[in-house]
Structure formats: structure tokens, C-alpha cells
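File shown here: final.txt, holding compact mmCIF, C-alpha atoms.
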# COMPACT_ATOMS: atom_id res chain seq x y z
CA MET A 165 50.57 -59.16 -36.23
CA PRO A 166 50.66 -55.57 -34.96
CA SER A 167 54.02 -54.08 -34.04
CA LEU A 168 54.87 -52.76 -30.60
CA GLY A 169 54.17 -49.17 -31.67
CA GLN A 170 50.75 -50.12 -33.01
CA LYS A 171 49.90 -51.96 -29.77
CA LEU A 172 50.81 -48.90 -27.72
CA ARG A 173 48.75 -46.59 -29.92
CA GLN A 174 45.74 -48.91 -29.72
CA GLU A 175 45.94 -49.04 -25.93
CA ARG A 176 46.23 -45.25 -25.76
CA GLU A 177 43.24 -44.68 -28.02
CA LYS A 178 41.25 -47.32 -26.10
CA ARG A 179 41.78 -45.24 -22.93
CA GLY A 180 40.88 -42.01 -24.70
CA LEU A 181 44.30 -40.40 -24.07
CA THR A 182 46.23 -38.07 -26.33
CA ILE A 183 49.96 -37.96 -26.88
CA GLU A 184 50.04 -34.50 -25.27
CA GLN A 185 48.54 -35.91 -22.04
CA LEU A 186 51.17 -38.66 -22.00
CA SER A 187 53.90 -36.05 -22.52
CA ALA A 188 52.58 -34.01 -19.60
CA GLN A 189 52.67 -37.07 -17.30
CA THR A 190 56.10 -38.39 -18.34
CA ARG A 191 57.90 -35.15 -19.32
CA ILE A 192 58.85 -36.86 -22.61
CA ASN A 193 58.72 -34.92 -25.86
CA VAL A 194 55.49 -35.43 -27.88
CA GLN A 195 57.54 -36.16 -31.01
CA TYR A 196 59.28 -39.09 -29.32
CA PHE A 197 55.88 -40.75 -28.66
CA GLN A 198 55.05 -40.25 -32.31
CA TYR A 199 58.31 -41.96 -33.35
CA ILE A 200 57.58 -44.92 -31.01
CA GLU A 201 54.05 -45.40 -32.34
CA ALA A 202 55.42 -45.25 -35.92
CA ASP A 203 58.24 -47.75 -35.02
CA ASP A 204 60.74 -45.12 -36.24
CA ILE A 205 63.59 -46.10 -33.91
CA ALA A 206 66.25 -44.34 -36.01
CA SER A 207 64.71 -40.90 -35.31
CA LEU A 208 65.11 -41.33 -31.54
CA PRO A 209 68.26 -40.07 -29.79
CA GLY A 210 69.56 -43.64 -29.27
CA GLY A 211 68.78 -47.20 -28.24
CA PHE A 212 68.95 -46.42 -24.56
CA PHE A 213 66.35 -43.66 -24.85
CA TYR A 214 64.15 -45.85 -27.04
CA ARG A 215 64.07 -48.65 -24.47
CA SER A 216 63.49 -46.21 -21.59
CA PHE A 217 60.64 -44.38 -23.38
CA VAL A 218 58.96 -47.68 -24.43
CA ARG A 219 59.13 -49.06 -20.92
CA GLN A 220 57.48 -45.91 -19.47
CA TYR A 221 54.85 -45.89 -22.22
CA ALA A 222 53.97 -49.58 -21.71
CA ARG A 223 53.70 -49.19 -17.94
CA LEU A 224 51.30 -46.28 -18.36
CA MET A 225 49.18 -48.46 -20.67
CA GLU A 226 49.44 -51.33 -18.14
CA LEU A 227 50.79 -53.74 -20.76
CA PRO A 228 52.37 -56.98 -19.47
CA GLU A 229 56.15 -57.05 -19.65
CA SER A 230 56.03 -60.03 -22.03
CA ASP A 231 54.41 -57.86 -24.73
CA TYR A 232 57.38 -55.51 -25.03
CA GLN A 233 60.40 -57.16 -23.39
CA GLY A 234 61.28 -59.15 -26.53
CA GLU A 235 61.36 -55.96 -28.60
CA LEU A 236 63.61 -54.28 -26.04
CA ASP A 237 66.00 -57.25 -25.97
CA ARG A 238 66.18 -57.25 -29.77
CA SER A 239 66.98 -53.51 -29.78
CA LEU A 240 69.73 -54.04 -27.22
CA ALA A 241 71.24 -56.94 -29.25
CA ASP A 242 71.27 -54.86 -32.44
CA GLU A 243 72.96 -51.98 -30.65
CA SER A 244 75.64 -54.31 -29.19
CA ALA A 245 76.34 -55.81 -32.63
CA GLN A 246 76.75 -52.39 -34.17
CA SER A 247 79.11 -51.32 -31.38
CA ALA A 248 81.25 -54.47 -31.85
CA GLY A 249 81.58 -53.85 -35.59
CA ARG A 250 82.96 -50.36 -35.12
CA THR A 251 86.73 -49.80 -34.95
CA THR A 252 88.27 -46.79 -33.31
CA ALA A 253 90.75 -45.08 -35.60
CA LEU A 254 93.64 -43.42 -33.82
CA PRO A 255 95.27 -40.38 -35.40
CA ASP A 256 98.68 -40.89 -37.00
CA LYS A 257 99.98 -37.57 -35.62
CA ALA A 258 100.55 -37.16 -31.92
CA ILE A 259 98.24 -34.70 -30.22
CA GLU A 260 100.05 -31.96 -28.37
CA VAL A 261 98.59 -31.60 -24.91
CA PRO A 262 99.61 -28.60 -22.81
CA PRO A 263 101.37 -29.46 -19.57
CA ILE A 264 99.22 -29.72 -16.48
CA PRO A 265 99.71 -26.78 -14.11
CA THR A 266 101.76 -27.75 -11.08
CA GLY A 267 100.32 -25.02 -8.82
CA ARG A 268 103.74 -23.37 -8.34
CA PHE A 269 104.57 -19.75 -9.24
CA ASP A 270 107.73 -17.77 -9.72
CA THR A 271 108.39 -15.89 -6.48
CA ALA A 272 110.91 -13.49 -8.03
CA LEU A 273 108.55 -12.62 -10.90
CA GLU A 274 105.65 -12.03 -8.52
CA MET A 275 107.86 -9.83 -6.32
CA ARG A 276 108.88 -7.70 -9.32
CA ARG A 277 105.22 -7.26 -10.25
CA TRP A 278 104.39 -6.04 -6.75
CA VAL A 279 107.34 -3.62 -6.81
CA TRP A 280 106.06 -2.16 -10.09
CA ARG A 281 102.56 -1.81 -8.69
CA LEU A 282 103.75 -0.08 -5.52
CA GLY A 283 106.02 2.23 -7.55
CA ILE A 284 103.16 3.29 -9.82
CA LEU A 285 100.91 3.88 -6.79
CA ALA A 286 103.58 6.03 -5.09
CA LEU A 287 104.08 8.04 -8.30
CA VAL A 288 100.34 8.73 -8.63
CA MET A 289 100.12 9.82 -4.97
CA ALA A 290 103.13 12.13 -5.38
CA LEU A 291 101.59 13.75 -8.47
CA CYS A 292 98.26 14.28 -6.70
CA SER A 293 100.03 15.77 -3.66
CA GLY A 294 102.06 18.12 -5.84
CA VAL A 295 99.00 19.36 -7.71
CA TYR A 296 97.10 19.93 -4.44
CA THR A 297 100.06 21.84 -2.89
CA PHE A 298 100.41 24.05 -5.96
CA TRP A 299 96.69 24.82 -5.94
CA GLN A 300 96.72 25.74 -2.21
CA ARG A 301 99.71 28.09 -2.66
CA TRP A 302 98.09 29.74 -5.67
CA ARG A 303 94.81 30.23 -3.78
CA VAL A 304 96.52 31.77 -0.72
CA GLN A 305 98.66 34.08 -2.89
CA HIS A 306 95.63 35.17 -4.90
CA GLU A 307 93.69 35.94 -1.68
CA GLU A 308 96.58 37.95 -0.24
CA GLU A 309 96.91 39.98 -3.44
CA ARG A 310 93.19 40.70 -3.44
CA ILE A 311 93.29 41.92 0.19
CA ALA A 312 96.40 44.03 -0.45
CA ALA A 313 94.75 45.68 -3.45
CA ALA A 314 91.85 46.78 -1.25
CA ARG A 315 94.13 48.63 1.11
CA THR A 316 95.38 52.11 0.30
CA GLU A 317 98.93 53.17 0.99
CA THR A 318 98.82 54.92 4.37
CA VAL A 319 101.30 55.53 7.15
CA ALA A 320 100.73 53.18 10.06
CA PRO A 321 99.92 55.09 13.27
CA LYS A 322 102.26 54.87 16.21
CA PRO A 323 101.13 52.76 19.13
CA VAL A 324 99.51 54.85 21.87
CA GLU A 325 97.90 54.09 25.15
CA LYS A 326 94.36 52.86 24.92
CA GLN A 327 91.86 55.55 25.83
CA GLN A 328 88.63 54.97 27.60
CA PRO A 329 85.60 55.21 25.30
CA ALA A 330 83.36 58.18 25.71
CA ALA A 331 80.13 57.87 27.61
CA VAL A 332 77.19 56.63 25.68
CA GLN A 333 74.97 59.47 24.59
CA PRO A 334 71.27 58.92 25.15
CA ALA A 335 69.15 58.63 22.08
CA PRO A 336 66.77 61.51 21.45
CA PRO A 337 63.15 60.78 22.30
CA VAL A 338 60.90 59.69 19.47
CA THR A 339 57.74 61.77 19.18
CA ALA A 340 54.55 60.43 17.70
CA PRO A 341 53.40 62.09 14.46
CA GLU A 342 50.47 64.42 14.37
CA PRO A 343 47.16 62.61 13.85
CA GLN A 344 46.35 64.81 10.82
CA GLN A 345 49.64 64.02 9.05
CA ALA A 346 50.51 60.76 7.33
CA PRO A 347 53.43 58.90 8.86
CA VAL A 348 56.70 59.87 7.19
CA GLU A 349 59.71 57.55 7.23
CA PRO A 350 62.55 59.30 9.10
CA PRO A 351 65.72 60.03 7.09
CA PRO A 352 68.59 57.54 7.43
CA ALA A 353 70.52 59.91 9.72
CA PRO A 354 72.37 57.82 12.33
CA ILE A 355 71.48 57.89 16.01
CA GLN A 356 74.81 57.85 17.81
CA ALA A 357 75.16 55.22 20.51
CA SER A 358 78.88 55.07 21.15
CA ILE A 359 81.93 56.80 19.70
CA ILE A 360 85.35 55.16 19.73
CA PRO A 361 88.01 57.86 19.29
CA ALA A 362 90.97 57.24 17.07
CA ALA A 363 94.62 57.47 18.01
CA PRO A 364 96.11 60.99 18.29
CA GLU A 365 98.14 60.43 15.11
CA ALA A 366 95.72 59.84 12.24
CA PRO A 367 96.99 58.74 8.82
CA ALA A 368 98.64 61.50 6.88
CA SER A 369 96.35 61.07 3.88
CA GLY A 370 93.23 61.16 6.02
CA ALA A 371 91.89 58.06 4.24
CA VAL A 372 89.48 55.56 5.80
CA ARG A 373 90.45 51.92 5.16
CA LEU A 374 88.10 49.08 6.13
CA ILE A 375 88.63 45.30 5.89
CA ILE A 376 85.64 42.97 6.54
CA ARG A 377 86.20 39.26 7.15
CA ALA A 378 83.13 37.06 7.38
CA THR A 379 83.03 34.25 9.96
CA GLU A 380 79.40 33.45 9.08
CA MET A 381 77.14 34.21 6.12
CA THR A 382 76.34 37.95 6.42
CA TRP A 383 74.59 40.55 4.28
CA VAL A 384 76.75 43.69 3.95
CA ALA A 385 76.02 47.08 2.39
CA VAL A 386 78.64 49.90 2.16
CA TRP A 387 78.09 53.61 1.34
CA GLN A 388 80.48 56.48 0.69
CA GLY A 389 78.27 59.44 1.36
CA ASP A 390 75.18 58.92 -0.82
CA LYS A 391 76.98 56.53 -3.16
CA GLN A 392 76.53 52.82 -2.51
CA LEU A 393 79.78 50.93 -3.04
CA PHE A 394 78.68 47.39 -2.24
CA ALA A 395 75.54 45.39 -1.34
CA ASP A 396 75.72 41.62 -1.31
CA VAL A 397 76.07 38.51 0.84
CA ILE A 398 79.55 37.42 1.87
CA ARG A 399 80.10 33.88 3.08
CA ALA A 400 82.29 32.49 5.84
CA GLY A 401 85.97 32.81 4.93
CA GLU A 402 85.47 35.62 2.39
CA THR A 403 87.12 39.05 2.79
CA ARG A 404 86.15 42.42 1.35
CA GLY A 405 88.15 45.69 1.46
CA PHE A 406 86.89 49.27 1.01
CA GLY A 407 88.49 52.73 1.08
CA SER A 408 87.30 56.34 1.25
CA PRO A 409 89.03 59.72 1.66
CA ASN A 410 86.81 60.76 4.58
CA GLN A 411 83.92 58.50 5.63
CA LEU A 412 82.38 55.02 5.11
CA ARG A 413 79.02 53.76 6.40
CA ILE A 414 78.23 50.03 6.49
CA ARG A 415 75.16 48.03 7.46
CA LEU A 416 75.52 44.43 8.67
CA GLY A 417 72.67 41.92 8.56
CA ASN A 418 74.54 39.66 11.04
CA ALA A 419 76.63 41.91 13.27
CA GLY A 420 78.22 39.00 15.15
CA GLY A 421 79.23 37.17 11.97
CA VAL A 422 82.08 39.47 10.85
CA GLN A 423 85.49 40.69 11.99
CA MET A 424 86.50 44.19 10.90
CA GLU A 425 89.78 46.11 10.68
CA TRP A 426 89.71 49.90 10.51
CA ASN A 427 92.91 51.70 9.43
CA GLY A 428 94.97 48.68 10.48
CA LYS A 429 93.24 48.34 13.91
CA PRO A 430 90.86 45.57 14.90
CA VAL A 431 87.30 46.68 15.62
CA ASP A 432 85.42 45.27 18.62
CA GLN A 433 82.25 43.30 17.99
CA VAL A 434 79.56 45.81 17.07
CA GLY A 435 76.58 43.59 17.87
CA PRO A 436 75.39 40.04 18.59
CA LYS A 437 74.81 37.39 15.96
CA GLY A 438 71.63 37.76 13.95
CA GLN A 439 71.25 41.49 14.75
CA VAL A 440 71.34 44.35 12.26
CA ARG A 441 73.86 47.10 12.97
CA THR A 442 74.99 50.24 11.14
CA VAL A 443 78.54 51.57 11.71
CA GLU A 444 80.01 54.84 10.48
CA PHE A 445 83.81 54.97 10.06
CA ARG A 446 85.68 58.28 9.87
CA THR A 447 89.30 59.32 10.01
CA ASP A 448 88.98 60.27 13.70
CA GLY A 449 86.87 57.32 14.92
CA TYR A 450 83.83 55.21 14.23
CA THR A 451 80.26 55.17 15.54
CA VAL A 452 77.99 52.18 16.13
CA ILE A 453 74.44 53.26 15.35
CA GLN A 454 71.96 51.43 17.54
CA PRO A 455 68.43 50.81 16.23
CA PRO A 456 65.87 53.31 17.59
CA PRO A 457 63.76 52.21 20.57
CA PRO A 458 60.25 50.98 19.80
CA ALA A 459 57.62 53.68 19.57
CA ALA A 460 55.40 54.17 22.60
CA PRO A 461 51.88 52.79 22.25
CA LYS A 462 49.34 55.35 21.11
CA PRO A 463 46.39 56.24 23.30
CA ASP A 464 43.06 54.76 22.40
CA GLY A 465 41.20 56.73 19.77
CA GLN A 466 44.32 58.09 18.01
CA VAL A 467 45.23 56.95 14.55

Please go through the file and, once you have read it, give me the structure as C-alpha cells.
Amino acid sequence: MPSLGQKLRQEREKRGLTIEQLSAQTRINVQYFQYIEADDIASLPGGFFYRSFVRQYARLMELPESDYQGELDRSLADESAQSAGRTTALPDKAIEVPPIPTGRFDTALEMRRWVWRLGILALVMALCSGVYTFWQRWRVQHEEERIAAARTETVAPKPVEKQQPAAVQPAPPVTAPEPQQAPVEPPPAPIQASIIPAAPEAPASGAVRLIIRATEMTWVAVWQGDKQLFADVIRAGETRGFGSPNQLRIRLGNAGGVQMEWNGKPVDQVGPKGQVRTVEFRTDGYTVIQPPPPAAPKPDGQV
């Protein structure tokens, strides 16, 4: 008489099904179907799984319940007998179980922890504040020393009444070059626009001291006669100092982006922002050199 596993395999083969197709339909491992067909119950996870897998397999094969129920009852009886024969051995030594947390906490201990945390935080903030303060003082002192080094030792002039500036001198007319001659770039001689006289008492040494403070990014070039002392961009907040025994000439790429101090006196704005201006500083005053007027248009036919 064929066993239950043989009956199930015969029904499967009669329907032309493979174990893999059954596994795809039931989500049961292919190996478990192989154990059932071979009546290898010991290789299955347990009696419960064996009875569950057999019942699903038989229903797929449309076997009557009477063909497999007896086998399932016999498996259940064997499993019950085995369970009854087992005895549970208790350990001779008591097992130490940690106490169950009560959900309470030590208020005093938690308060001390918070005090430590706040103290450490306050200490870190104090250290950071001290380092920042020291750095700010060092930076300000370094900037003041750099500005003081740029100034020469001169006697400060006595305060005098402010004099009215001289009248603006008209610029000389610009003549067109001869047609036969090639255009020649005019020399960099300044065209005087306005002269601001100095105080009656000039410094005893006759030196010219100039301090330039940038409020915006500005290109600055400084000459002492034919010698160029400086040519670079200074950014907002930067300060440059220059000195000469008789005369300094500067060119500003952004005339409205600087503040200047000449021999200890503030200099009025020499031009609007974004405009190029040239200023000549002497011991007796300074001159703002305006750019020359545009050349008149040439008549037709002239080169």
C-alpha cells in the first residue's frame, strides 16, 4: 500500500506539476515537499509544520480528507507521547535575575550632573570670549602701530581761521594736432582745477604726510616725483600712510571711496564714487587735477 508521500507524488505527476510550481503557489520551501514525498518527517522543522504542509499539499492535489487525516492524527499522537515522556530539569543553582527597573531616578544625582554640565559650558564660553577679546586688542594695537609708523614726526600746526579757497582756474584749451603729425600722448603734467591753501604755519620740517583710509575697494597709486611709491588695490577698512619731504602725487580709481588726511588735516572729498582723480599734495597746499575736457570733434575730411 503506498504511503501518504507516495500518493501525493503520484497525484502531482498525474497533473504534470513540478515541486517548484507547488513551492511558488504555497510559498513553502522546495526541500520540504521533497521530505514529505520521501516520508522523511524527521527532517522537517516539527510535527506542526509537517501537518500544515501535508494539509496544503493534499488540498492542492484535491485529495479527500480521509486519505491523509489518519496520518495527521498519528503524527499528532506520536508528538504528544514524546512530549509527555520528557521531564523538565530545573537547575540546582538559583539564577540571579537583575531587579526590574522601577522608573524612579535620583533627583540629587541628576541635579549634580546638570550643575557639572552648566559649569563646563560656562567655562568653555569664558575661554572663547577671552581668546576673542585678546585677538581684538592685538589687532587694534597692531593697526595703530602701523598707522603711527607711517607718520613722520612733525610739529602740529596751530589752529587758524578757515580761508576761502581760491577761484577755480580755467583749464587751458586743447588744440587738435596737426594732420601731418601722428598723435602724441600729452605728458602727465597736471591741469590745475582747484588749489586749497595750507595754514600760515607749515610744519617746521616741510614734510608732506598723507594718510589714506579706504571706505570702499579703491585702486591707489602714489608717486614722489618720478618715483612710484605704491600701486595696488586697498579694500574697505584698510589704511595706508605715505611721507615725502616736498611733494606727493596720488591717483585714485574710486575718488569717493577714500578718506584722506594731509599733515594732520582732513581732506574734503576730491571726487564722486567711481571717478578717477589725481591729487598733488605739497607743503603749502594740495591740488585736485580734473580730467581734461573731451576733444572737440574734427571737421569732416581731417584725419

Need the shell around Asn427 of chain A: protein/DNA/RNA residues with any atom at most 7 Å away, counting all atoms listed in the file. Skip same-chain ones fewer than 3 positions apart. Format as a PyMOL selection string?
chain A and resi 372-374

Give me, please, the distance in Å between atom CA of Asp396 of chain A and atom CA of Val443 of chain A, quoted to one decimal.
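Atom CA of Asp396 of chain A sits 16.6 Å away from atom CA of Val443 of chain A.
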
Please compute the atom CA of Ala400 of chain A-atom CA of Gly421 of chain A distance, one decimal, in Å.
8.3 Å

Between atom CA of Glu226 of chain A and atom CA of Gln174 of chain A - distance in Å to one decimal
12.4 Å

Best match for closeness to Ile183 of chain A among A:Asp203, A:Arg303, A:Ser167, A:Tyr221, counting all atoms listed in the file
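Closest candidate: A:Tyr221.
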
Choose the residue, out of A:Val397, A:Ser187, A:Trp280, A:Arg215, that has the smallest atom-to-atom separation from Ala241 of chain A; count only C-alpha atoms.
A:Arg215

Between A:Val384, A:Tyr232, A:Gly180, A:Leu282, which residue has the minimum interatomic distance to Gln220 of chain A, considering all atoms listed in the file?
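Comparing A:Val384, A:Tyr232, A:Gly180, A:Leu282 against Gln220 of chain A, the winner is A:Tyr232.
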
Is it possible to get the residues within 12 Å of (94.6, 49.5, -0.3) (coordinates as in the file, counting all atoms listed in the file) written as a list in words?
Glu308, Glu309, Arg310, Ile311, Ala312, Ala313, Ala314, Arg315, Thr316, Glu317, Thr318, Val319, Ala371, Val372, Arg373, Leu374, Ile375, Arg404, Gly405, Phe406, Gly407, Ser408, Pro409, Trp426, Asn427 and Gly428 of chain A

Residues as selected, C-alpha atoms, written as a compact mmCIF listing (two decimals), keeping the file's coordinate frame, can you do that?
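The file below, again24.txt, is the result:
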# COMPACT_ATOMS: atom_id res chain seq x y z
CA GLU A 308 96.58 37.95 -0.24
CA GLU A 309 96.91 39.98 -3.44
CA ARG A 310 93.19 40.70 -3.44
CA ILE A 311 93.29 41.92 0.19
CA ALA A 312 96.40 44.03 -0.45
CA ALA A 313 94.75 45.68 -3.45
CA ALA A 314 91.85 46.78 -1.25
CA ARG A 315 94.13 48.63 1.11
CA THR A 316 95.38 52.11 0.30
CA GLU A 317 98.93 53.17 0.99
CA THR A 318 98.82 54.92 4.37
CA VAL A 319 101.30 55.53 7.15
CA ALA A 371 91.89 58.06 4.24
CA VAL A 372 89.48 55.56 5.80
CA ARG A 373 90.45 51.92 5.16
CA LEU A 374 88.10 49.08 6.13
CA ILE A 375 88.63 45.30 5.89
CA ARG A 404 86.15 42.42 1.35
CA GLY A 405 88.15 45.69 1.46
CA PHE A 406 86.89 49.27 1.01
CA GLY A 407 88.49 52.73 1.08
CA SER A 408 87.30 56.34 1.25
CA PRO A 409 89.03 59.72 1.66
CA TRP A 426 89.71 49.90 10.51
CA ASN A 427 92.91 51.70 9.43
CA GLY A 428 94.97 48.68 10.48

Selection: 6 Å around Arg377 of chain A, all atoms listed in the file, excl. self and same-chain fewer than 4 positions, as an mmCIF file with C-alpha atoms, keeping the file's coordinate frame:
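Result file selection07.cif:
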data_model
loop_
_atom_site.group_PDB
_atom_site.id
_atom_site.type_symbol
_atom_site.label_atom_id
_atom_site.label_comp_id
_atom_site.auth_asym_id
_atom_site.auth_seq_id
_atom_site.Cartn_x
_atom_site.Cartn_y
_atom_site.Cartn_z
ATOM 1 C CA THR A 403 87.120 39.050 2.790
ATOM 2 C CA VAL A 422 82.080 39.470 10.850
ATOM 3 C CA GLN A 423 85.490 40.690 11.990
#
